[in-house]
file query.cif (mmCIF, C-alpha atoms)
data_structure
loop_
_atom_site.label_atom_id
_atom_site.label_comp_id
_atom_site.auth_asym_id
_atom_site.auth_seq_id
_atom_site.Cartn_x
_atom_site.Cartn_y
_atom_site.Cartn_z
CA MET A 1099 -17.99 -15.20 5.59
CA GLU A 1100 -14.61 -16.36 6.85
CA PRO A 1101 -11.79 -14.88 4.70
CA LEU A 1102 -10.06 -17.54 2.67
CA ILE A 1103 -6.35 -17.09 1.94
CA GLN A 1104 -4.87 -19.55 -0.49
CA LEU A 1105 -1.80 -19.96 -2.64
CA ALA A 1106 -2.34 -19.92 -6.40
CA PRO A 1107 -1.18 -23.02 -8.28
CA GLY A 1108 2.62 -23.01 -8.43
CA ALA A 1109 3.00 -20.33 -5.75
CA GLU A 1110 4.19 -22.84 -3.16
CA GLN A 1111 7.57 -22.70 -4.93
CA SER A 1112 7.93 -19.02 -4.01
CA GLY A 1113 9.20 -18.39 -0.50
CA LEU A 1114 7.87 -14.82 -0.61
CA ALA A 1115 4.36 -15.94 -1.64
CA THR A 1116 4.29 -18.62 1.04
CA MET A 1117 5.51 -16.21 3.71
CA LEU A 1118 2.96 -13.51 2.78
CA ALA A 1119 0.10 -16.02 2.81
CA LYS A 1120 1.15 -17.14 6.31
CA LEU A 1121 1.46 -13.51 7.46
CA LEU A 1122 -2.04 -12.68 6.22
CA ARG A 1123 -3.56 -15.81 7.82
CA GLN A 1124 -1.83 -15.12 11.13
CA ASN A 1125 -2.90 -11.45 11.16
CA LEU A 1126 -6.52 -12.37 10.54
CA ASP A 1127 -6.38 -15.06 13.24
CA ASP A 1128 -4.77 -12.66 15.74
CA HIS A 1129 -7.04 -9.71 14.85
CA PRO A 1130 -10.50 -10.98 13.82
CA ASP A 1131 -11.74 -7.38 13.36
CA LYS A 1132 -9.59 -7.20 10.18
CA ARG A 1133 -11.73 -9.88 8.51
CA ALA A 1134 -14.44 -7.35 7.74
CA ARG A 1135 -11.91 -5.29 5.78
CA VAL A 1136 -10.88 -8.29 3.65
CA ALA A 1137 -14.56 -8.90 2.87
CA THR A 1138 -14.76 -5.45 1.24
CA MET A 1139 -11.54 -5.61 -0.77
CA ALA A 1140 -11.40 -6.27 -4.51
CA GLY A 1141 -8.43 -5.89 -6.82
CA ARG A 1142 -4.87 -7.01 -7.47
CA VAL A 1143 -1.72 -5.79 -5.78
CA THR A 1144 1.70 -6.87 -7.00
CA LEU A 1145 4.52 -6.57 -4.48
CA ILE A 1146 8.01 -6.70 -5.97
CA ALA A 1147 11.04 -7.32 -3.77
CA THR A 1148 13.75 -5.88 -6.00
CA ASP A 1149 16.62 -7.70 -4.28
CA LEU A 1150 15.32 -11.29 -4.58
CA ALA A 1151 16.26 -13.78 -7.28
CA THR A 1152 13.98 -14.23 -10.28
CA THR A 1153 13.37 -17.98 -9.99
CA ALA A 1154 9.78 -19.27 -9.68
CA GLY A 1155 8.28 -15.78 -9.57
CA GLY A 1156 11.27 -14.67 -7.52
CA GLY A 1157 10.70 -11.37 -5.87
CA ALA A 1158 7.24 -10.68 -7.25
CA VAL A 1159 3.98 -11.71 -5.59
CA THR A 1160 0.45 -10.82 -6.64
CA LEU A 1161 -2.32 -10.63 -4.06
CA ARG A 1162 -5.76 -10.95 -5.65
CA PHE A 1163 -8.50 -9.76 -3.30
CA ASP A 1164 -11.99 -10.91 -4.19
CA ARG A 1165 -14.42 -9.81 -1.45
CA GLY A 1166 -13.34 -12.19 1.30
CA ARG A 1167 -11.00 -14.37 -0.70
CA VAL A 1168 -7.29 -13.71 -1.16
CA GLU A 1169 -5.22 -15.62 -3.67
CA VAL A 1170 -1.45 -15.24 -3.32
CA GLY A 1171 0.35 -15.91 -6.59
CA ALA A 1172 4.02 -16.02 -7.53
CA GLY A 1173 5.11 -13.37 -9.99
CA THR A 1174 2.90 -10.78 -11.63
CA VAL A 1175 -0.45 -12.44 -12.21
CA GLY A 1176 -2.95 -10.63 -14.42
CA VAL A 1177 -3.03 -6.85 -14.59
CA PRO A 1178 -2.40 -5.37 -11.14
CA ASP A 1179 -4.30 -2.34 -9.91
CA VAL A 1180 -1.38 -1.39 -7.64
CA VAL A 1181 2.33 -2.21 -7.90
CA VAL A 1182 4.75 -1.70 -5.01
CA ARG A 1183 8.50 -2.06 -5.65
CA THR A 1184 11.01 -2.10 -2.80
CA ARG A 1185 13.66 -4.26 -1.14
CA SER A 1186 12.45 -7.38 0.68
CA GLU A 1187 13.51 -5.95 4.05
CA THR A 1188 11.35 -2.86 3.52
CA LEU A 1189 8.48 -5.03 2.31
CA MET A 1190 8.56 -6.95 5.59
CA GLN A 1191 8.80 -3.72 7.60
CA MET A 1192 5.45 -2.74 6.09
CA SER A 1193 3.90 -5.26 8.48
CA LEU A 1194 5.06 -3.08 11.40
CA VAL A 1195 2.92 -0.05 10.48
CA GLU A 1196 0.89 1.05 13.51
CA LEU A 1197 -2.85 1.38 12.99
CA GLY A 1198 -5.28 3.99 14.25
CA PRO A 1199 -9.08 3.77 14.21
CA LYS A 1200 -10.64 2.31 11.05
CA GLY A 1201 -7.29 0.68 10.24
CA LEU A 1202 -5.66 3.89 9.04
CA PRO A 1203 -1.88 4.19 9.50
CA ASP A 1204 -0.94 6.11 12.66
CA PRO A 1205 1.58 8.79 11.60
CA ARG A 1206 3.10 8.88 15.09
CA GLY A 1207 4.23 5.27 15.07
CA ASP A 1208 7.83 4.31 14.43
CA GLY A 1209 6.86 1.76 11.76
CA THR A 1210 4.67 4.26 9.93
CA ARG A 1211 7.36 6.96 10.08
CA ALA A 1212 9.91 4.48 8.72
CA MET A 1213 7.64 3.77 5.73
CA ILE A 1214 7.06 7.50 5.13
CA ALA A 1215 10.82 8.12 5.23
CA ALA A 1216 11.49 5.19 2.85
CA THR A 1217 8.92 6.55 0.40
CA ARG A 1218 10.42 10.04 0.56
CA ARG A 1219 13.91 8.60 -0.11
CA GLY A 1220 12.57 6.72 -3.12
CA ASP A 1221 13.13 3.31 -1.51
CA ILE A 1222 9.47 2.45 -2.12
CA GLU A 1223 7.91 2.95 -5.55
CA GLU A 1224 4.14 2.77 -5.80
CA HIS A 1225 2.14 2.77 -9.00
CA GLY A 1226 -1.65 3.06 -9.02
CA ALA A 1227 -1.91 3.70 -5.28
CA LEU A 1228 -3.79 7.00 -5.51
CA GLY A 1229 -6.31 5.58 -7.95
CA HIS A 1230 -6.96 2.60 -5.66
CA LEU A 1231 -6.59 4.19 -2.24
CA ALA A 1232 -9.18 1.95 -0.55
CA LEU A 1233 -7.30 -1.13 -1.77
CA VAL A 1234 -3.97 0.24 -0.52
CA LEU A 1235 -5.38 1.18 2.89
CA GLY A 1236 -6.98 -2.25 3.16
CA LEU A 1237 -3.68 -3.91 2.28
CA THR A 1238 -1.91 -1.79 4.91
CA GLU A 1239 -4.39 -2.90 7.53
CA VAL A 1240 -4.39 -6.62 6.76
CA MET A 1241 -0.60 -6.79 6.37
CA SER A 1242 0.07 -4.99 9.65
CA VAL A 1243 0.71 -7.19 12.67
CA GLN A 1244 -0.56 -4.33 14.85
CA ALA A 1245 -4.06 -4.12 16.28
CA ARG A 1246 -6.28 -1.15 15.46
CA ALA A 1247 -6.40 1.63 18.01
CA GLU A 1248 -9.92 2.31 19.27
CA THR A 1249 -9.58 6.11 19.16
CA TRP A 1250 -7.06 8.68 18.05
CA ASP A 1251 -4.92 10.06 20.85
CA LEU A 1252 -4.44 13.53 19.42
CA ARG A 1253 -1.96 14.71 22.03
CA GLY A 1254 1.29 15.41 20.27
CA LEU A 1255 0.01 14.38 16.83
CA VAL A 1256 1.24 17.48 15.02
CA THR A 1257 4.57 17.69 16.81
CA SER A 1258 5.42 13.99 16.53
CA ALA A 1259 4.37 13.42 12.91
CA PRO A 1260 7.13 13.94 10.37
CA GLY A 1261 7.32 16.50 7.58
CA LEU A 1262 4.15 16.58 5.58
CA VAL A 1263 1.60 16.17 8.37
CA ALA A 1264 3.28 18.82 10.52
CA ARG A 1265 3.58 21.24 7.58
CA ARG A 1266 -0.04 20.74 6.52
CA ALA A 1267 -1.26 21.27 10.08
CA GLY A 1268 0.88 24.40 10.36
CA ASP A 1269 -0.56 25.73 7.09
CA LEU A 1270 -4.06 25.05 8.38
CA LEU A 1271 -3.41 26.78 11.70
CA ARG A 1272 -1.88 29.81 9.97
CA GLY A 1273 -4.96 30.04 7.76
CA LEU A 1274 -7.25 30.02 10.80
CA ARG A 1275 -5.55 32.90 12.58
CA ALA A 1276 -7.36 36.19 12.48
CA PRO A 1277 -5.49 38.93 10.62
CA LYS A 1278 -3.57 41.33 12.84
CA ARG A 1279 -5.20 44.70 13.36
CA PRO A 1280 -3.12 47.87 13.27
#
call {"tool": "encode", "arguments": {"input": "query.cif", "output": "structure tokens"}}
result
Amino acid sequence: MEPLIQLAPGAEQSGLATMLAKLLRQNLDDHPDKRARVATMAGRVTLIATDLATTAGGGAVTLRFDRGRVEVGAGTVGVPDVVVRTRSETLMQMSLVELGPKGLPDPRGDGTRAMIAATRRGDIEEHGALGHLALVLGLTEVMSVQARAETWDLRGLVTSAPGLVARRAGDLLRGLRAPKRP
């Protein structure tokens, strides 16, 4: 089934809704492998650009994923499973996240590191993301203008990934070392 991306009634008045619908259509046209992901997604994600005016839905857009169909609505429509609040510039930078195999974010990419840093600074607020991780990962993949990598290039992964990944890998490696003998 070909993914269908449409604007909800009244959403054509929202520049943000119109732009996101075009971005999603273009990404699926440029990267047909992402269509399979859209076919598995179900749920609502509200993206709020905190710096945009509040006219005609203003800075809020709700994406309703329904197993191959995506409806882009202005404002908060229904009860969202996930809410993301950030500035419009940061919201657009989310489309630059580099993808690894299976559409997962590549922690070595500049776009991904920028999003990690923004989250750590508190520039991105996410509500419901952990409870709907598959929906969030799917959104990351279909919003990204990047193609999926075929395989992970593990060279330099630990040393190039910021903060958390490097610390977790270090903790793991320390736990694997054999105890020193006297």
call {"tool": "residues_near_point", "arguments": {"input": "query.cif", "point": "(-9.3, -7.9, 11.1)", "cutoff": "12 Å", "atoms": "all atoms listed in the file", "output": "ChimeraX atom specification"}}
result
/A:1100-1101,1122-1138,1166,1197,1200-1201,1236-1246
call {"tool": "atom_distance", "arguments": {"input": "query.cif", "atom1": "CA of Val1234 in chain A", "atom2": "CA of Gln1104 in chain A"}}
result
19.8 Å
call {"tool": "resolve_selection", "arguments": {"input": "query.cif", "expression": "the PyMOL selection byres ((chain A and resi 1158) around 8)", "output": "PyMOL selection string"}}
result
chain A and resi 1114+1144-1147+1155-1157+1159-1160+1172-1174
call {"tool": "residues_near_point", "arguments": {"input": "query.cif", "point": "(-11.0, -10.2, -6.7)", "cutoff": "8 Å", "atoms": "only C-alpha atoms", "output": "list in words"}}
result
Met1139, Ala1140, Gly1141, Arg1142, Arg1162, Phe1163, Asp1164, Arg1165, Arg1167 and Val1168 of chain A
call {"tool": "atom_distance", "arguments": {"input": "query.cif", "atom1": "CA of Ala1247 in chain A", "atom2": "CA of Glu1169 in chain A"}}
result
27.7 Å
call {"tool": "atom_distance", "arguments": {"input": "query.cif", "atom1": "CA of Glu1223 in chain A", "atom2": "CA of Thr1184 in chain A"}}
result
6.5 Å
call {"tool": "closest_residue", "arguments": {"input": "query.cif", "among": "A:Met1117, A:Val1180, A:Ala1109, A:Leu1161", "to": "Leu1228 in chain A", "atoms": "all atoms listed in the file"}}
result
A:Val1180
call {"tool": "closest_residue", "arguments": {"input": "query.cif", "among": "A:Val1143, A:Ala1119, A:Leu1202, A:Leu1231", "to": "Leu1105 in chain A", "atoms": "only C-alpha atoms"}}
result
A:Ala1119
call {"tool": "closest_residue", "arguments": {"input": "query.cif", "among": "A:Val1181, A:Glu1248, A:Val1195, A:Pro1203", "to": "His1225 in chain A", "atoms": "all atoms listed in the file"}}
result
A:Val1181
call {"tool": "decode", "arguments": {"input": "query.cif", "residues": "range 1122-1138 of chain A", "atoms": "N, CA and C atoms", "output": "PDB file, in the first residue's frame"}}
result
ATOM      1  N   LEU A1122       7.436  15.176   4.486  1.00  0.00           N
ATOM      2  CA  LEU A1122       7.167  13.739   4.575  1.00  0.00           C
ATOM      3  C   LEU A1122       6.968  13.131   3.180  1.00  0.00           C
ATOM      4  N   ARG A1123       6.200  13.804   2.335  1.00  0.00           N
ATOM      5  CA  ARG A1123       5.990  13.299   0.966  1.00  0.00           C
ATOM      6  C   ARG A1123       7.311  13.189   0.219  1.00  0.00           C
ATOM      7  N   GLN A1124       8.122  14.241   0.307  1.00  0.00           N
ATOM      8  CA  GLN A1124       9.397  14.260  -0.409  1.00  0.00           C
ATOM      9  C   GLN A1124      10.332  13.164   0.101  1.00  0.00           C
ATOM     10  N   ASN A1125      10.385  12.971   1.420  1.00  0.00           N
ATOM     11  CA  ASN A1125      11.249  11.932   1.984  1.00  0.00           C
ATOM     12  C   ASN A1125      10.829  10.547   1.515  1.00  0.00           C
ATOM     13  N   LEU A1126       9.539  10.299   1.457  1.00  0.00           N
ATOM     14  CA  LEU A1126       9.063   8.988   1.014  1.00  0.00           C
ATOM     15  C   LEU A1126       9.278   8.798  -0.486  1.00  0.00           C
ATOM     16  N   ASP A1127       9.204   9.883  -1.254  1.00  0.00           N
ATOM     17  CA  ASP A1127       9.504   9.791  -2.686  1.00  0.00           C
ATOM     18  C   ASP A1127      10.989   9.542  -2.919  1.00  0.00           C
ATOM     19  N   ASP A1128      11.840  10.246  -2.153  1.00  0.00           N
ATOM     20  CA  ASP A1128      13.293  10.116  -2.313  1.00  0.00           C
ATOM     21  C   ASP A1128      13.834   8.807  -1.763  1.00  0.00           C
ATOM     22  N   HIS A1129      13.174   8.256  -0.745  1.00  0.00           N
ATOM     23  CA  HIS A1129      13.651   7.038  -0.063  1.00  0.00           C
ATOM     24  C   HIS A1129      12.485   6.051   0.067  1.00  0.00           C
ATOM     25  N   PRO A1130      12.159   5.337  -0.996  1.00  0.00           N
ATOM     26  CA  PRO A1130      11.003   4.427  -0.977  1.00  0.00           C
ATOM     27  C   PRO A1130      11.068   3.359   0.118  1.00  0.00           C
ATOM     28  N   ASP A1131      12.278   3.026   0.604  1.00  0.00           N
ATOM     29  CA  ASP A1131      12.396   2.021   1.665  1.00  0.00           C
ATOM     30  C   ASP A1131      11.731   2.485   2.968  1.00  0.00           C
ATOM     31  N   LYS A1132      11.505   3.792   3.129  1.00  0.00           N
ATOM     32  CA  LYS A1132      10.870   4.304   4.347  1.00  0.00           C
ATOM     33  C   LYS A1132       9.356   4.069   4.346  1.00  0.00           C
ATOM     34  N   ARG A1133       8.800   3.727   3.205  1.00  0.00           N
ATOM     35  CA  ARG A1133       7.356   3.506   3.112  1.00  0.00           C
ATOM     36  C   ARG A1133       6.905   2.334   3.977  1.00  0.00           C
ATOM     37  N   ALA A1134       7.752   1.323   4.068  1.00  0.00           N
ATOM     38  CA  ALA A1134       7.409   0.160   4.897  1.00  0.00           C
ATOM     39  C   ALA A1134       7.274   0.561   6.361  1.00  0.00           C
ATOM     40  N   ARG A1135       8.097   1.502   6.800  1.00  0.00           N
ATOM     41  CA  ARG A1135       8.015   1.975   8.190  1.00  0.00           C
ATOM     42  C   ARG A1135       6.682   2.678   8.433  1.00  0.00           C
ATOM     43  N   VAL A1136       6.275   3.537   7.512  1.00  0.00           N
ATOM     44  CA  VAL A1136       5.006   4.259   7.666  1.00  0.00           C
ATOM     45  C   VAL A1136       3.838   3.270   7.757  1.00  0.00           C
ATOM     46  N   ALA A1137       3.926   2.174   7.012  1.00  0.00           N
ATOM     47  CA  ALA A1137       2.860   1.178   7.015  1.00  0.00           C
ATOM     48  C   ALA A1137       2.703   0.493   8.374  1.00  0.00           C
ATOM     49  N   THR A1138       3.725   0.559   9.225  1.00  0.00           N
ATOM     50  CA  THR A1138       3.655  -0.081  10.541  1.00  0.00           C
ATOM     51  C   THR A1138       3.297   0.896  11.664  1.00  0.00           C
TER      52      THR A1138
END
